[in-house]
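Q: Coordinates in final_6.cif, mmCIF, C-alpha atoms, are listed below.
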```cif
data_upload
#
loop_
_atom_site.label_atom_id
_atom_site.label_comp_id
_atom_site.auth_asym_id
_atom_site.auth_seq_id
_atom_site.Cartn_x
_atom_site.Cartn_y
_atom_site.Cartn_z
CA MET A 1 -61.79 57.75 55.12
CA LYS A 2 -59.27 56.66 57.73
CA ASN A 3 -59.69 59.94 59.65
CA LYS A 4 -63.46 59.61 59.45
CA ILE A 5 -63.32 56.10 60.93
CA MET A 6 -61.05 57.33 63.72
CA ARG A 7 -63.46 60.17 64.53
CA ILE A 8 -66.39 57.74 64.70
CA ALA A 9 -64.43 55.38 66.98
CA THR A 10 -63.50 58.26 69.27
CA ALA A 11 -67.12 59.40 69.46
CA ILE A 12 -68.30 55.87 70.31
CA SER A 13 -65.67 55.62 73.07
CA ALA A 14 -66.74 58.95 74.53
CA ILE A 15 -70.39 57.94 74.52
CA SER A 16 -69.54 54.62 76.20
CA LEU A 17 -67.57 56.43 78.90
CA LEU A 18 -70.43 58.88 79.47
CA VAL A 19 -73.00 56.07 79.81
CA SER A 20 -70.73 54.15 82.19
CA THR A 21 -70.17 57.22 84.36
CA ALA A 22 -73.86 58.03 84.45
CA ALA A 23 -74.67 54.48 85.52
CA CYS A 24 -72.18 54.69 88.39
CA GLY A 25 -73.69 57.98 89.52
CA LEU A 26 -77.20 56.52 89.49
CA ASP A 27 -76.34 53.36 91.39
CA GLY A 28 -73.94 55.17 93.69
CA ASP A 29 -72.04 52.18 95.05
CA GLU A 30 -70.27 48.99 94.14
CA THR A 31 -72.80 46.90 96.08
CA SER A 32 -75.57 47.74 93.59
CA SER A 33 -76.42 45.93 90.36
CA ASN A 34 -78.94 45.85 87.56
CA LYS A 35 -78.34 42.16 86.78
CA SER A 36 -81.41 39.95 86.65
CA ASP A 37 -80.06 37.71 89.41
CA THR A 38 -79.72 40.68 91.79
CA VAL A 39 -82.37 42.64 93.68
CA ASN A 40 -81.62 45.92 95.41
CA ILE A 41 -82.63 48.01 98.39
CA GLY A 42 -82.64 51.75 97.73
CA VAL A 43 -80.99 53.94 100.35
CA LEU A 44 -81.73 57.61 101.04
CA TYR A 45 -78.92 58.98 103.20
CA PRO A 46 -76.61 61.95 103.78
CA ALA A 47 -73.28 61.11 102.17
CA THR A 48 -72.42 64.84 102.20
CA GLY A 49 -73.57 67.93 104.06
CA GLN A 50 -73.92 68.67 107.76
CA TYR A 51 -75.17 65.16 108.59
CA ALA A 52 -72.55 63.26 106.59
CA GLU A 53 -71.20 61.51 109.69
CA TYR A 54 -74.54 59.76 110.09
CA GLY A 55 -74.41 58.70 106.45
CA LYS A 56 -71.02 57.11 107.00
CA MET A 57 -72.29 55.17 110.02
CA PHE A 58 -75.37 54.04 108.12
CA LYS A 59 -73.30 52.89 105.14
CA ASN A 60 -70.90 50.94 107.33
CA GLY A 61 -73.78 49.09 108.98
CA MET A 62 -75.65 48.42 105.73
CA ASP A 63 -72.60 47.25 103.78
CA LEU A 64 -71.76 44.83 106.58
CA ALA A 65 -75.33 43.52 106.59
CA VAL A 66 -75.37 42.92 102.82
CA LYS A 67 -72.15 40.94 103.08
CA LYS A 68 -73.72 38.75 105.75
CA VAL A 69 -76.94 38.25 103.80
CA ASN A 70 -75.12 37.23 100.61
CA LYS A 71 -72.69 35.02 102.51
CA ASP A 72 -75.71 33.24 103.99
CA GLY A 73 -77.28 32.65 100.57
CA GLY A 74 -78.85 35.95 99.53
CA VAL A 75 -82.59 36.44 99.22
CA GLY A 76 -84.81 33.92 97.45
CA GLY A 77 -81.85 32.60 95.47
CA LYS A 78 -80.81 36.07 94.34
CA THR A 79 -77.96 38.37 95.35
CA LEU A 80 -78.89 41.40 97.46
CA GLY A 81 -77.45 44.80 96.54
CA LEU A 82 -77.76 48.39 97.74
CA LYS A 83 -78.32 51.53 95.66
CA TYR A 84 -77.26 54.64 97.55
CA PHE A 85 -78.69 58.10 96.89
CA ASP A 86 -77.14 61.12 98.61
CA THR A 87 -79.85 63.54 99.77
CA GLN A 88 -77.88 65.40 102.46
CA SER A 89 -80.97 64.50 104.54
CA ASP A 90 -82.67 67.50 102.97
CA ALA A 91 -86.43 67.22 102.47
CA LYS A 92 -86.39 68.79 98.99
CA GLN A 93 -83.63 66.49 97.79
CA SER A 94 -85.28 63.40 99.26
CA ALA A 95 -88.57 64.22 97.54
CA ALA A 96 -86.78 64.92 94.25
CA VAL A 97 -84.86 61.64 94.18
CA ALA A 98 -87.78 59.42 95.25
CA PRO A 99 -89.21 58.98 91.71
CA ARG A 100 -85.86 57.60 90.53
CA LEU A 101 -86.10 54.80 93.09
CA VAL A 102 -89.73 54.14 92.21
CA SER A 103 -88.90 53.75 88.50
CA ASP A 104 -86.05 51.31 89.17
CA SER A 105 -87.69 47.87 89.01
CA SER A 106 -84.68 46.20 90.66
CA ILE A 107 -85.43 48.02 93.95
CA ILE A 108 -87.72 45.96 96.19
CA ALA A 109 -87.73 48.34 99.21
CA VAL A 110 -86.32 51.70 100.34
CA VAL A 111 -84.61 52.61 103.62
CA GLY A 112 -83.81 56.06 105.05
CA ASP A 113 -83.53 59.03 105.30
CA TYR A 114 -81.66 60.18 108.44
CA SER A 115 -84.13 62.84 109.58
CA SER A 116 -87.85 62.18 109.85
CA SER A 117 -88.67 65.37 107.93
CA ALA A 118 -86.52 64.33 104.96
CA SER A 119 -87.98 60.82 105.00
CA MET A 120 -91.56 62.05 105.21
CA ALA A 121 -91.02 64.28 102.16
CA ALA A 122 -90.21 61.17 100.09
CA SER A 123 -92.82 58.82 101.57
CA PRO A 124 -95.80 59.84 99.37
CA ALA A 125 -93.98 58.77 96.20
CA PHE A 126 -93.23 55.35 97.66
CA GLN A 127 -96.74 54.97 99.02
CA ASN A 128 -98.27 55.75 95.63
CA ALA A 129 -96.00 53.20 93.96
CA LYS A 130 -96.69 50.53 96.62
CA LEU A 131 -92.99 50.37 97.41
CA VAL A 132 -92.16 49.77 101.07
CA HIS A 133 -90.50 52.75 102.74
CA TYR A 134 -88.62 51.47 105.81
CA GLY A 135 -87.68 54.49 107.93
CA PHE A 136 -85.29 52.69 110.25
CA ASN A 137 -84.05 55.91 111.90
CA ASN A 138 -87.34 57.81 111.94
CA SER A 139 -88.73 58.23 115.45
CA SER A 140 -91.32 60.89 114.60
CA PRO A 141 -94.70 59.64 115.88
CA THR A 142 -96.32 60.77 112.63
CA PHE A 143 -93.82 59.11 110.27
CA THR A 144 -96.03 56.16 109.32
CA THR A 145 -99.18 58.23 108.74
CA THR A 146 -98.47 58.60 105.00
CA GLY A 147 -99.91 55.17 104.28
CA ASP A 148 -99.77 51.41 104.67
CA TYR A 149 -96.47 50.99 102.79
CA VAL A 150 -94.58 53.19 105.29
CA TRP A 151 -93.02 51.30 108.22
CA THR A 152 -90.44 51.89 110.96
CA PRO A 153 -88.76 49.67 113.56
CA GLN A 154 -87.50 52.78 115.38
CA VAL A 155 -88.67 53.55 118.92
CA SER A 156 -91.03 56.54 118.81
CA GLN A 157 -90.19 59.89 120.35
CA GLU A 158 -93.08 59.45 122.74
CA THR A 159 -91.26 56.47 124.25
CA PHE A 160 -87.81 58.07 124.03
CA GLN A 161 -88.89 61.31 125.70
CA LYS A 162 -90.68 59.50 128.49
CA ALA A 163 -87.41 57.74 129.33
CA ASN A 164 -85.54 61.03 128.91
CA ALA A 165 -87.83 62.95 131.29
CA ASP A 166 -87.75 60.08 133.80
CA ILE A 167 -83.95 60.15 134.15
CA VAL A 168 -83.83 63.97 134.19
CA ALA A 169 -86.40 64.01 137.02
CA LYS A 170 -84.20 61.70 139.07
CA LYS A 171 -81.27 64.10 138.74
CA ALA A 172 -82.85 67.57 138.77
CA LYS A 173 -85.85 69.62 139.88
CA LYS A 174 -85.61 72.85 137.89
CA ILE A 175 -84.50 72.69 134.27
CA SER A 176 -84.21 74.61 131.03
CA VAL A 177 -85.02 72.90 127.73
CA VAL A 178 -83.85 73.83 124.23
CA TYR A 179 -84.88 71.95 121.10
CA ILE A 180 -84.31 71.98 117.35
CA GLU A 181 -86.84 73.95 115.29
CA ASN A 182 -88.36 71.29 113.03
CA ASP A 183 -91.37 68.99 113.22
CA TRP A 184 -89.37 66.25 114.92
CA GLY A 185 -87.95 68.62 117.54
CA LYS A 186 -91.28 70.24 118.31
CA GLN A 187 -93.04 66.89 118.65
CA ALA A 188 -90.29 65.52 120.86
CA PHE A 189 -90.36 68.59 123.11
CA GLU A 190 -94.12 68.26 123.59
CA TYR A 191 -93.71 64.64 124.66
CA PHE A 192 -90.87 65.59 127.01
CA LYS A 193 -92.89 68.46 128.47
CA LYS A 194 -95.89 66.22 129.09
CA GLU A 195 -93.84 63.64 130.98
CA ALA A 196 -91.91 66.35 132.85
CA GLU A 197 -95.19 67.65 134.24
CA VAL A 198 -96.13 64.16 135.40
CA LYS A 199 -92.77 63.81 137.13
CA GLY A 200 -92.98 67.23 138.81
CA LEU A 201 -90.14 68.79 136.85
CA GLN A 202 -90.15 72.58 136.70
CA ILE A 203 -89.30 73.86 133.21
CA ALA A 204 -88.05 77.36 134.03
CA TYR A 205 -87.17 78.18 130.40
CA SER A 206 -87.69 76.67 126.96
CA SER A 207 -86.70 77.77 123.47
CA SER A 208 -86.23 76.34 119.99
CA TYR A 209 -83.23 76.97 117.73
CA LEU A 210 -82.71 76.64 113.98
CA ALA A 211 -80.82 73.65 112.60
CA ASP A 212 -78.13 75.89 111.08
CA THR A 213 -77.53 77.90 114.27
CA THR A 214 -73.85 78.48 115.03
CA ASP A 215 -74.06 80.86 118.00
CA TYR A 216 -76.19 79.66 120.92
CA SER A 217 -74.94 82.26 123.41
CA SER A 218 -77.97 84.53 123.65
CA MET A 219 -80.40 81.63 124.05
CA LEU A 220 -78.26 79.86 126.65
CA ILE A 221 -77.64 83.02 128.68
CA SER A 222 -81.41 83.24 129.07
CA ALA A 223 -81.64 79.50 129.73
CA THR A 224 -79.21 79.68 132.65
CA GLN A 225 -80.37 82.99 134.13
CA ASP A 226 -82.53 81.32 136.80
CA SER A 227 -79.79 78.84 137.80
CA PRO A 228 -81.44 75.59 136.65
CA ASP A 229 -80.14 72.26 137.92
CA ALA A 230 -79.83 71.02 134.34
CA VAL A 231 -80.09 72.02 130.69
CA VAL A 232 -81.79 69.55 128.38
CA ASP A 233 -81.17 69.65 124.62
CA ILE A 234 -83.56 67.82 122.29
CA GLY A 235 -81.73 67.81 118.99
CA TYR A 236 -78.98 66.14 116.96
CA GLY A 237 -75.30 65.52 117.62
CA PRO A 238 -73.73 68.60 116.01
CA ASP A 239 -75.98 71.10 117.79
CA GLY A 240 -75.66 69.14 121.05
CA ALA A 241 -71.89 69.64 120.95
CA GLY A 242 -72.26 73.35 120.18
CA ILE A 243 -74.69 73.81 123.04
CA VAL A 244 -72.70 71.99 125.72
CA ASN A 245 -69.49 73.75 124.64
CA THR A 246 -71.20 77.13 124.89
CA LEU A 247 -72.62 76.25 128.30
CA ARG A 248 -69.29 75.15 129.73
CA ASP A 249 -66.73 77.34 127.96
CA LYS A 250 -68.55 80.64 127.38
CA ILE A 251 -71.22 80.83 130.07
CA GLY A 252 -69.59 78.81 132.83
CA PHE A 253 -72.65 76.66 133.57
CA THR A 254 -71.64 73.76 135.82
CA GLY A 255 -75.02 72.03 136.15
CA LEU A 256 -76.06 68.81 134.46
CA PHE A 257 -76.42 68.49 130.68
CA PHE A 258 -78.67 66.03 128.85
CA GLY A 259 -78.30 66.02 125.08
CA GLY A 260 -76.26 65.21 122.01
CA GLN A 261 -76.15 61.85 120.26
CA GLU A 262 -73.96 58.78 120.28
CA THR A 263 -71.51 59.75 117.55
CA SER A 264 -67.74 60.16 117.46
CA GLU A 265 -68.31 63.68 116.07
CA PHE A 266 -70.25 64.68 119.19
CA LEU A 267 -67.60 63.20 121.50
CA GLN A 268 -64.72 64.80 119.62
CA SER A 269 -66.40 68.20 119.29
CA ALA A 270 -67.56 68.34 122.91
CA GLY A 271 -64.39 66.81 124.37
CA ASP A 272 -64.26 66.97 128.16
CA ASN A 273 -67.50 68.95 128.18
CA ALA A 274 -69.38 65.79 127.17
CA GLU A 275 -68.36 63.91 130.33
CA GLY A 276 -71.39 62.82 132.35
CA THR A 277 -73.88 63.54 129.55
CA ILE A 278 -76.84 61.14 129.60
CA ILE A 279 -78.93 60.32 126.52
CA THR A 280 -81.51 57.75 125.46
CA GLY A 281 -80.61 55.03 122.98
CA THR A 282 -81.42 51.46 122.00
CA PHE A 283 -78.04 49.73 121.89
CA SER A 284 -74.76 49.40 123.74
CA ALA A 285 -71.90 47.47 122.15
CA ALA A 286 -70.38 46.76 125.55
CA GLY A 287 -73.66 46.15 127.35
CA THR A 288 -75.54 43.86 124.94
CA THR A 289 -76.13 40.29 126.12
CA ASP A 290 -77.79 39.05 122.90
CA SER A 291 -75.62 36.48 121.08
CA LYS A 292 -76.32 37.71 117.54
CA ALA A 293 -75.75 41.32 118.64
CA LYS A 294 -72.41 40.29 120.13
CA GLN A 295 -71.49 38.67 116.81
CA PHE A 296 -72.47 41.88 115.01
CA VAL A 297 -70.17 43.87 117.32
CA ALA A 298 -67.30 41.46 116.62
CA ASP A 299 -67.90 41.57 112.85
CA TYR A 300 -68.13 45.36 112.86
CA ARG A 301 -64.93 45.69 114.88
CA ASN A 302 -63.15 43.33 112.51
CA ALA A 303 -64.39 45.20 109.43
CA TYR A 304 -63.87 48.79 110.58
CA GLY A 305 -61.59 48.69 113.60
CA SER A 306 -64.04 50.50 115.87
CA GLU A 307 -67.08 49.88 118.06
CA PRO A 308 -70.57 50.21 116.54
CA GLY A 309 -73.22 52.38 118.16
CA ASN A 310 -76.94 53.04 117.84
CA PHE A 311 -76.82 54.37 114.28
CA GLU A 312 -74.68 51.56 112.94
CA VAL A 313 -76.80 48.82 114.50
CA THR A 314 -80.13 50.27 113.33
CA ALA A 315 -78.79 50.54 109.77
CA TYR A 316 -77.45 46.99 109.94
CA GLN A 317 -80.72 45.67 111.31
CA ALA A 318 -82.75 47.46 108.62
CA ILE A 319 -81.07 45.42 105.88
CA ILE A 320 -81.25 42.22 107.91
CA ASP A 321 -84.98 42.87 108.51
CA LEU A 322 -85.78 43.32 104.83
CA ALA A 323 -83.67 40.34 103.77
CA TYR A 324 -85.44 38.24 106.39
CA ALA A 325 -88.76 39.48 105.02
CA ALA A 326 -87.76 38.60 101.45
CA ASN A 327 -86.77 35.08 102.47
CA LYS A 328 -90.05 34.55 104.31
CA THR A 329 -92.10 35.50 101.25
CA SER A 330 -90.35 36.60 98.04
CA PRO A 331 -87.70 39.16 97.02
CA THR A 332 -90.30 41.44 95.44
CA ARG A 333 -92.05 44.66 96.40
CA GLU A 334 -95.22 42.69 97.13
CA GLY A 335 -93.30 40.09 99.14
CA ILE A 336 -91.70 42.67 101.42
CA GLN A 337 -95.07 44.28 102.20
CA GLU A 338 -96.68 40.92 102.94
CA ALA A 339 -93.84 39.86 105.26
CA LEU A 340 -93.95 43.06 107.31
CA LYS A 341 -97.63 42.37 107.90
CA THR A 342 -97.30 38.70 108.82
CA VAL A 343 -93.84 37.76 110.13
CA LYS A 344 -93.71 37.57 113.94
CA ASP A 345 -90.03 36.81 114.58
CA PHE A 346 -87.82 39.46 113.01
CA PRO A 347 -84.34 39.17 114.62
CA LEU A 348 -83.80 42.02 117.08
CA TYR A 349 -80.30 43.39 117.69
CA GLN A 350 -81.32 46.37 119.81
CA GLY A 351 -82.35 46.57 123.47
CA GLN A 352 -82.43 43.14 125.07
CA GLY A 353 -82.29 41.33 121.72
CA GLY A 354 -84.53 38.40 120.87
CA THR A 355 -87.18 38.98 118.18
CA PHE A 356 -89.85 41.54 117.32
CA SER A 357 -92.91 41.99 115.13
CA PHE A 358 -94.89 44.93 113.80
CA ASN A 359 -98.18 46.39 114.89
CA VAL A 360 -99.96 46.26 111.53
CA LYS A 361 -102.25 49.15 112.45
CA THR A 362 -99.47 51.59 113.38
CA ARG A 363 -96.73 49.94 111.27
CA ARG A 364 -94.31 50.43 114.15
CA ALA A 365 -92.32 47.74 115.96
CA ASP A 366 -93.73 46.32 119.16
CA GLY A 367 -91.66 45.74 122.27
CA ILE A 368 -88.39 47.61 121.57
CA GLN A 369 -87.54 49.66 124.66
CA PRO A 370 -84.91 52.40 124.99
CA ILE A 371 -81.87 52.24 127.22
CA LEU A 372 -79.78 55.01 128.77
CA LEU A 373 -76.23 55.87 127.78
CA ILE A 374 -73.72 58.05 129.65
CA VAL A 375 -70.36 59.50 128.64
CA LYS A 376 -67.58 58.09 130.82
CA ASP A 377 -63.91 58.65 130.08
CA GLY A 378 -64.76 60.01 126.65
CA LYS A 379 -67.01 57.11 125.59
CA PHE A 380 -70.70 56.32 125.66
CA VAL A 381 -71.44 53.33 127.89
CA GLN A 382 -74.71 51.89 129.16
CA TYR A 383 -76.00 53.76 132.18
CA ASP A 384 -77.16 51.73 135.14
CA ASP A 385 -80.19 53.61 136.43
CA SER A 386 -80.35 51.38 139.52
CA ALA A 387 -76.79 52.15 140.59
CA LYS A 388 -76.35 54.69 143.36
#
```
The structure in this file should be written as structure tokens.
A:
Amino acid sequence: MKNKIMRIATAISAISLLVSTAACGLDGDETSSNKSDTVNIGVLYPATGQYAEYGKMFKNGMDLAVKKVNKDGGVGGKTLGLKYFDTQSDAKQSAAVAPRLVSDSSIIAVVGDYSSSASMAASPAFQNAKLVHYGFNNSSPTFTTTGDYVWTPQVSQETFQKANADIVAKKAKKISVVYIENDWGKQAFEYFKKEAEVKGLQIAYSSSYLADTTDYSSMLISATQDSPDAVVDIGYGPDGAGIVNTLRDKIGFTGLFFGGQETSEFLQSAGDNAEGTIITGTFSAAGTTDSKAKQFVADYRNAYGSEPGNFEVTAYQAIIDLAYAANKTSPTREGIQEALKTVKDFPLYQGQGGTFSFNVKTRRADGIQPILLIVKDGKFVQYDDSAK
């Protein structure tokens, strides 16, 4: 009998451990909770895989935002938490995990994913469940077309690529353009091409490349054959570094380069080859004049010992936006949707700061304009387009 009791106790302990482990895996982070006095925001993001650096930046910004929200009183008298789901920013994984967020009644809104294609794969599930999908990093012009519960405060690629083509046209006449082979890349290239024609830019060569490309040599040999003044890359940070390194180190191209993204991975991978690179963005830690944005920079520096960039601030603002929405209406799925439709003074940390509101028809933010960033002495700083 004693042995039987011991076996039963051991089995109960094992089951308890299994349940506890499973719960941790589902919630994914210590900031999440299933308590009745806590509501959560679900997060689709790449904790692992080729875009993991972006996931780390997003998590830093979001964790900092949740701390601020709860320090300031939470949302509607409740504590705000985050439930993280690692998708590797892969469309299939994002779509597969979406039903888990829908079925979790503690989740009042969803943010993410990193790439527009991964986000758009998950959007239909959230739309059908009337759960707000807040694609804070999704600049695809078609991102919000899934339905009226899909929103983004991100500047669209149409606006970004207009600014991109404008600065390229001031620096070059004949260019080659390469772009990532996905819906986002193809859309962005078409917007760039349209504005380039308006500005009188000659695109001597253009080509797409796959996201998992590791050898850009053949494409870039062709791209530089007609001696363009500049090569423009429309893609992400990792491929931007591979392209500029190939241009400089293997091909010997000394013309201008426009591309990459504001990440430490891009700067470290490209090294000296990144110097002088100009990109579009929406935030500069050193250049911001907005008081709340300055406070965010100070808080981020104190928490992580480094300067925040575009990806950290957009992630931070996403949580602040949704908390602000919940406090204007109620910390519920219905309350978030109503606030996004009606609130006119969401706090803006990007660009020139101030406040912003949404265009209810397009479900995109009004009035957020891009800025230019340039690599100087190994760092991205705000580019002064008026300086000679």
Q: If I take atom CA of A:Val375 and atom CA of A:Tyr304, how far is one from the other in Å, to one decimal?
A: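 Those two atoms sit 22.0 Å apart.
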Q: Which one of A:Ala211, A:Leu247, A:Ala52, A:Val97 sits closest to A:Gln225 if you count all atoms listed in the file?
A: A:Leu247
Q: Which of these residues is nearest to A:Glu265, using all atoms listed in the file: A:Lys59, A:His133, A:Lys379, A:Lys194?
A: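 Closest to A:Glu265, using all atoms listed in the file: A:Lys379.
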Q: Please indicate the distance in Å from atom CA of A:Asn138 to atom CA of A:Gln202, rounded to one decimal place.
A: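 Atom CA of A:Gln202 lies 29.0 Å from atom CA of A:Asn138.
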Q: Taking all atoms listed in the file into account, produce a table as a tab-separated table in which each residue of stretch 194-234 of chain A with an atom at most 12 Å from an atom of stretch 272-278 of chain A appears once, together with its shortest atom pair and the distance in Å to one decimal, ordered by chain and rising number.
A:
```
residue	atom	partner	partner_atom	distance
A:Ala230	CA	A:Thr277	CA	10.7
A:Val231	CA	A:Thr277	CA	10.6
A:Val232	CA	A:Ile278	CA	9.8
A:Asp233	CA	A:Thr277	CA	10.7
A:Ile234	CA	A:Ile278	CA	12.0
```
Q: Please produce a file of those selected residues containing C-alpha atoms, as a compact mmCIF listing (two decimals), keeping the file's coordinate frame.
A:
```txt
# COMPACT_ATOMS: atom_id res chain seq x y z
CA ALA A 230 -79.83 71.02 134.34
CA VAL A 231 -80.09 72.02 130.69
CA VAL A 232 -81.79 69.55 128.38
CA ASP A 233 -81.17 69.65 124.62
CA ILE A 234 -83.56 67.82 122.29
```
Q: Quick one, how far is atom CA of A:Tyr216 from atom CA of A:Ala165?
A: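 Pair atom CA of A:Tyr216 / atom CA of A:Ala165 returns 22.9 Å.
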Q: Let me know the residues the PyMOL selection byres ((chain A and resi 252) around 12) catches in the file above, as a PyMOL selection string.
A: chain A and resi 217+220-221+224-225+227+244-251+253-255+273
Q: What lies within 10 Å of A:Ser116 using only C-alpha atoms, ignoring chain neighbours under 4 positions off, as a list in words?
A: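 Listing them by chain and then by number gives Ser89, Ala91, Gly112, Met120, Ala121, Gly135, Phe136, Asn137, Asn138, Ser139, Ser140, Pro141, Thr142, Phe143, Asn182, Asp183 and Trp184 of chain A.
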Q: Which is closest to A:Thr362 among A:Ala298, A:Val150, A:Ala326, A:Ala125, if we use all atoms listed in the file?
A: A:Val150
Q: Run the PyMOL selection byres ((chain A and resi 320) around 10) against the file shown and list the residues it catches, as a list of chain:residue names.
A: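 Residues picked by the PyMOL selection byres ((chain A and resi 320) around 10): A:Met62, A:Leu64, A:Ala65, A:Val66, A:Lys68, A:Val69, A:Thr314, A:Ala315, A:Tyr316, A:Gln317, A:Ala318, A:Ile319, A:Asp321, A:Leu322, A:Ala323, A:Tyr324, A:Ala325, A:Ala326, A:Phe346, A:Pro347, A:Leu348, A:Tyr349.
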Q: As a check of understanding, name the residues that the PyMOL selection byres ((chain A and resi 96) around 12) selects in the supplied structure, as a list in words.
A: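 With the shown file as input, the PyMOL selection byres ((chain A and resi 96) around 12) matches Leu44, Phe85, Asp86, Thr87, Ser89, Asp90, Ala91, Lys92, Gln93, Ser94, Ala95, Val97, Ala98, Pro99, Arg100, Leu101, Val102, Ala118, Ser119, Ala121, Ala122, Ser123, Pro124 and Ala125 of chain A.
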Q: Counting only C-alpha atoms, find the residues whose atoms lie at most 12 Å from (-92.0, 36.9, 94.1) (file coordinates) and write them out as a short mmCIF file (atom, residue, chain, number, x, y, z; two decimals) with C-alpha atoms, in the frame of the given file.
A:
```
data_model
loop_
_atom_site.label_atom_id
_atom_site.label_comp_id
_atom_site.auth_asym_id
_atom_site.auth_seq_id
_atom_site.Cartn_x
_atom_site.Cartn_y
_atom_site.Cartn_z
CA VAL A 39 -82.37 42.64 93.68
CA VAL A 75 -82.59 36.44 99.22
CA GLY A 76 -84.81 33.92 97.45
CA GLY A 77 -81.85 32.60 95.47
CA LYS A 78 -80.81 36.07 94.34
CA ILE A 108 -87.72 45.96 96.19
CA ALA A 325 -88.76 39.48 105.02
CA ALA A 326 -87.76 38.60 101.45
CA ASN A 327 -86.77 35.08 102.47
CA LYS A 328 -90.05 34.55 104.31
CA THR A 329 -92.10 35.50 101.25
CA SER A 330 -90.35 36.60 98.04
CA PRO A 331 -87.70 39.16 97.02
CA THR A 332 -90.30 41.44 95.44
CA ARG A 333 -92.05 44.66 96.40
CA GLU A 334 -95.22 42.69 97.13
CA GLY A 335 -93.30 40.09 99.14
CA ILE A 336 -91.70 42.67 101.42
CA GLN A 337 -95.07 44.28 102.20
CA GLU A 338 -96.68 40.92 102.94
CA ALA A 339 -93.84 39.86 105.26
#
```
Q: Which residues are near A:Gly281? Cut-off 12 Å, all atoms listed in the file, ignore same chain within fewer than 6 positions. Put them as a short mmCIF file (atom, residue, chain, number, x, y, z; two decimals) with C-alpha atoms, in the frame of the given file.
A:
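part_24.cif, written as the output of this step:
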```cif
data_model
loop_
_atom_site.label_atom_id
_atom_site.label_comp_id
_atom_site.auth_asym_id
_atom_site.auth_seq_id
_atom_site.Cartn_x
_atom_site.Cartn_y
_atom_site.Cartn_z
CA ASN A 137 -84.05 55.91 111.90
CA SER A 139 -88.73 58.23 115.45
CA GLN A 154 -87.50 52.78 115.38
CA VAL A 155 -88.67 53.55 118.92
CA SER A 156 -91.03 56.54 118.81
CA GLN A 157 -90.19 59.89 120.35
CA THR A 159 -91.26 56.47 124.25
CA PHE A 160 -87.81 58.07 124.03
CA GLN A 161 -88.89 61.31 125.70
CA ALA A 163 -87.41 57.74 129.33
CA ASN A 164 -85.54 61.03 128.91
CA GLY A 259 -78.30 66.02 125.08
CA GLY A 260 -76.26 65.21 122.01
CA GLN A 261 -76.15 61.85 120.26
CA GLU A 262 -73.96 58.78 120.28
CA THR A 263 -71.51 59.75 117.55
CA GLY A 309 -73.22 52.38 118.16
CA ASN A 310 -76.94 53.04 117.84
CA PHE A 311 -76.82 54.37 114.28
CA VAL A 313 -76.80 48.82 114.50
CA THR A 314 -80.13 50.27 113.33
CA GLN A 350 -81.32 46.37 119.81
CA GLY A 351 -82.35 46.57 123.47
CA ILE A 368 -88.39 47.61 121.57
CA GLN A 369 -87.54 49.66 124.66
CA PRO A 370 -84.91 52.40 124.99
CA ILE A 371 -81.87 52.24 127.22
CA LEU A 372 -79.78 55.01 128.77
CA LEU A 373 -76.23 55.87 127.78
CA ILE A 374 -73.72 58.05 129.65
CA PHE A 380 -70.70 56.32 125.66
CA VAL A 381 -71.44 53.33 127.89
CA GLN A 382 -74.71 51.89 129.16
CA TYR A 383 -76.00 53.76 132.18
#
```
Q: Might you pull out every residue within 9 Å of A:Asp239, with only C-alpha atoms counted and same-chain residues fewer than 2 positions away left off, and present them as a PDB file with C-alpha atoms, in the coordinates of the input?
A:
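Just written: part-v4.pdb:
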```
ATOM      1  CA  ILE A 180     -84.310  71.980 117.350  1.00  0.00           C
ATOM      2  CA  ALA A 211     -80.820  73.650 112.600  1.00  0.00           C
ATOM      3  CA  ASP A 212     -78.130  75.890 111.080  1.00  0.00           C
ATOM      4  CA  THR A 213     -77.530  77.900 114.270  1.00  0.00           C
ATOM      5  CA  THR A 214     -73.850  78.480 115.030  1.00  0.00           C
ATOM      6  CA  ASP A 233     -81.170  69.650 124.620  1.00  0.00           C
ATOM      7  CA  GLY A 235     -81.730  67.810 118.990  1.00  0.00           C
ATOM      8  CA  TYR A 236     -78.980  66.140 116.960  1.00  0.00           C
ATOM      9  CA  GLY A 237     -75.300  65.520 117.620  1.00  0.00           C
ATOM     10  CA  ALA A 241     -71.890  69.640 120.950  1.00  0.00           C
ATOM     11  CA  GLY A 242     -72.260  73.350 120.180  1.00  0.00           C
ATOM     12  CA  ILE A 243     -74.690  73.810 123.040  1.00  0.00           C
ATOM     13  CA  VAL A 244     -72.700  71.990 125.720  1.00  0.00           C
ATOM     14  CA  GLY A 260     -76.260  65.210 122.010  1.00  0.00           C
ATOM     15  CA  PHE A 266     -70.250  64.680 119.190  1.00  0.00           C
TER      16      PHE A 266
END
```
Q: Set the distance at 12 Å and use all atoms listed in the file: which residues neighbour A:Gln295 once local chain neighbours fewer than 2 positions away are removed? I'd like the list as a PyMOL selection string.
A: chain A and resi 64-65+68+285-286+288-293+297-302+308+313+349
Q: Can you tell me which residues surround A:Ala223 at a distance of at most 9 Å, considering all atoms listed in the file, apart from same-chain residues fewer than 4 positions away, and format the answer as a list in words?
A: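 Result of the neighbour search: Ile175, Ser176, Val177, Val178, Ala204, Tyr205, Ser206, Ser207, Ser218, Met219, Ser227, Pro228 and Val231 of chain A.
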Q: Give the answer as one residue: which of A:Leu340, A:Leu131, A:Ala169, A:Leu210 has the shortest atom-to-atom distance to A:Val198, using only C-alpha atoms?
A: A:Ala169
Q: Considering all atoms listed in the file, state which residue in the set A:Thr342, A:Leu201, A:Glu307, A:Asp229 is at the smallest distance from A:Arg363.
A: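 Among the listed residues, the smallest separation from A:Arg363 belongs to A:Thr342.
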